[in-house]
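A.B. asks: Below you will find the structure I want to go over with you.
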Amino acid sequence: MCMNCSKMKYAKHVVDCIAQGQTLVMEDVPLAALRDVIASLFDVTKSVVFAPLSPEQYATVCTGVFSVYAHHSSDPLAHRYQGLLPINPNSEWISLETMAMKAILTGNQAVLVAVLPHIDPTYHHSLFLREALQHHNTQAVHLLLPLSRMDDTAHFAVEVAARSGKPRFLDVFLPHADPTKMDYFLLRHAAHRYKEDVNSNAPTQTVKRDILRRVMERTNQICEERGGPWASLDVSALPLVRNIQHILADVATEVNLKHHLKEAVEQACVRSIRRKI
């Protein structure tokens, strides 16, 4: 290896070795060169370094570089506790959390896969999963979900769904959320977002109505588990809902009707079975 090359040339040498299938002893790579490789991952002006790589080779480069950087950094705990600082190749260290965050925001799956073993996914109340949800990065959500804390993210995921009108994550997160908390915040939030769509005649109003209905059903389930009456049976008793009361009452009627219909069908089935016996 040419130890006197510029950092950028050295970085390209690292990549070329991997792209050509040559053996590269990553432990021999100077920390400064590793920093430059890492910075290059997100620097458009240096993207030519990675242009010839296939996705598999690119992932190999990322994994090798992050692994060695985490192992040989002059302050191995710096990336873990200093937070999400801007990337600066001239600094003494680079935040690996920053790498993960940028990978989530840019949809860079290979970088995220490579850096995950070297960070704490539960960092700052599972910030990475919340960012993936915020930006609707489905692949990142699937990667981070088993490594994060559900209690850090469930309410946020439901809030994002109600705000965006994209319910794709509700099946996963809504069963773990409690819409009765903070004066029924999730229920009120979903109702407000639906009302806004109705007022503006937005094309997502049907979807947001369905999201509100599902949040109402989850609210009823929580009330039932606690041995109390369903929230939808007396919407006027819910706190701070005056300006959205008619919206909630409308959806509550639908939820209650569906429940009564289900009960009627179940009772009819029982009676039918008894007659056959």
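To be explicit about the labels: the chains of the structure tokens are called A, B, and onward in the order shown, and within each one the residues are counted from 1, while ligands get numbers from 1 in the order they are shown.
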With a distance cut-off of 12 Å and only C-alpha atoms, select the neighbouring residues of A:Gly21, excluding the residue or stretch itself and same-chain residues fewer than 4 positions from it, and output the selection as a list in words.
C.D. replies: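 Answer for this query is Val14, Val15, Asp16, Cys17, Leu53, Glu56, Gln57, Thr60 and Val61 of chain A.
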A.B. asks: Extract, using only C-alpha atoms, all DNA, RNA and protein residues at most 12 Å from A:Asp210, discarding same-chain residues fewer than 2 positions from it, and format them as a ChimeraX atom specification.
C.D. replies: /A:161-162,165-167,170,190-191,193-194,204-208,212-217,251-252,254-255
A.B. asks: Using only C-alpha atoms for the distances, tell me which of A:Asn220, A:Ser232, A:Thr122, A:Thr138 is nearest to A:Thr153.
C.D. replies: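 Comparing A:Asn220, A:Ser232, A:Thr122, A:Thr138 against A:Thr153, the winner is A:Thr122.
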A.B. asks: Could you give me, as a VMD selection string, each residue of stretch 25-245 of chain A that DSSP assigns to alpha helix (DSSP H) when run on this structure's backbone?
C.D. replies: chain A and resid 31 to 40 55 to 72 78 to 81 96 to 106 109 to 115 123 to 134 138 to 144 150 to 164 170 to 173 181 to 200 205 to 225 245
A.B. asks: Looking at only C-alpha atoms, which of A:Ala132, A:Asp197, A:Ile38, A:Leu143 is the one that sits closest to A:Ala157?
C.D. replies: A:Ala132
A.B. asks: Measure the distance from atom CA of A:Ala154 to atom CA of A:Asn201 in Å and round it to one decimal.
C.D. replies: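 Separation of atom CA of A:Ala154 and atom CA of A:Asn201: 28.7 Å.
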A.B. asks: Extract, using only C-alpha atoms, all DNA, RNA and protein residues at most 8 Å from stretch 105-113 of chain A, discarding same-chain residues fewer than 6 positions from it, and format them as JSON, numbers by chain.
C.D. replies: {"A": [55, 58, 59, 62, 63, 99, 131, 132, 135, 137, 139, 140, 143]}
A.B. asks: Keeping only N, CA and C atoms, write the selected residues to a file as a PDB file, in the first residue's frame.
C.D. replies:
```
ATOM      1  N   PRO A  55     -23.793  -3.386  -5.379  1.00  0.00           N
ATOM      2  CA  PRO A  55     -24.337  -3.230  -4.023  1.00  0.00           C
ATOM      3  C   PRO A  55     -23.660  -4.140  -3.007  1.00  0.00           C
ATOM      4  N   TYR A  58     -20.200  -2.731  -2.299  1.00  0.00           N
ATOM      5  CA  TYR A  58     -20.367  -1.500  -1.529  1.00  0.00           C
ATOM      6  C   TYR A  58     -20.629  -1.831  -0.066  1.00  0.00           C
ATOM      7  N   ALA A  59     -21.500  -2.806   0.174  1.00  0.00           N
ATOM      8  CA  ALA A  59     -21.803  -3.221   1.544  1.00  0.00           C
ATOM      9  C   ALA A  59     -20.557  -3.772   2.231  1.00  0.00           C
ATOM     10  N   CYS A  62     -18.364  -0.848   3.255  1.00  0.00           N
ATOM     11  CA  CYS A  62     -18.942  -0.186   4.438  1.00  0.00           C
ATOM     12  C   CYS A  62     -18.673  -0.986   5.705  1.00  0.00           C
ATOM     13  N   THR A  63     -18.942  -2.283   5.634  1.00  0.00           N
ATOM     14  CA  THR A  63     -18.783  -3.133   6.809  1.00  0.00           C
ATOM     15  C   THR A  63     -17.336  -3.129   7.295  1.00  0.00           C
ATOM     16  N   MET A  99     -23.559   8.688  10.803  1.00  0.00           N
ATOM     17  CA  MET A  99     -23.602   7.832   9.624  1.00  0.00           C
ATOM     18  C   MET A  99     -24.945   7.113   9.523  1.00  0.00           C
ATOM     19  N   GLU A 131     -36.881   8.332  13.364  1.00  0.00           N
ATOM     20  CA  GLU A 131     -36.552   9.059  12.128  1.00  0.00           C
ATOM     21  C   GLU A 131     -36.956   8.245  10.895  1.00  0.00           C
ATOM     22  N   ALA A 132     -36.751   6.936  10.948  1.00  0.00           N
ATOM     23  CA  ALA A 132     -37.158   6.083   9.827  1.00  0.00           C
ATOM     24  C   ALA A 132     -38.668   6.143   9.626  1.00  0.00           C
ATOM     25  N   HIS A 135     -39.715   9.541   8.081  1.00  0.00           N
ATOM     26  CA  HIS A 135     -39.417   9.674   6.653  1.00  0.00           C
ATOM     27  C   HIS A 135     -39.938   8.492   5.836  1.00  0.00           C
ATOM     28  N   ASN A 137     -39.279   5.444   5.716  1.00  0.00           N
ATOM     29  CA  ASN A 137     -38.242   4.563   5.179  1.00  0.00           C
ATOM     30  C   ASN A 137     -38.551   3.141   5.659  1.00  0.00           C
ATOM     31  N   GLN A 139     -37.658   0.121   4.669  1.00  0.00           N
ATOM     32  CA  GLN A 139     -36.546  -0.811   4.851  1.00  0.00           C
ATOM     33  C   GLN A 139     -35.818  -0.558   6.160  1.00  0.00           C
ATOM     34  N   ALA A 140     -35.589   0.723   6.466  1.00  0.00           N
ATOM     35  CA  ALA A 140     -34.912   1.059   7.726  1.00  0.00           C
ATOM     36  C   ALA A 140     -35.777   0.675   8.921  1.00  0.00           C
ATOM     37  N   LEU A 143     -35.381  -2.954   9.585  1.00  0.00           N
ATOM     38  CA  LEU A 143     -34.066  -3.245  10.153  1.00  0.00           C
ATOM     39  C   LEU A 143     -33.994  -2.860  11.629  1.00  0.00           C
TER      40      LEU A 143
END
```
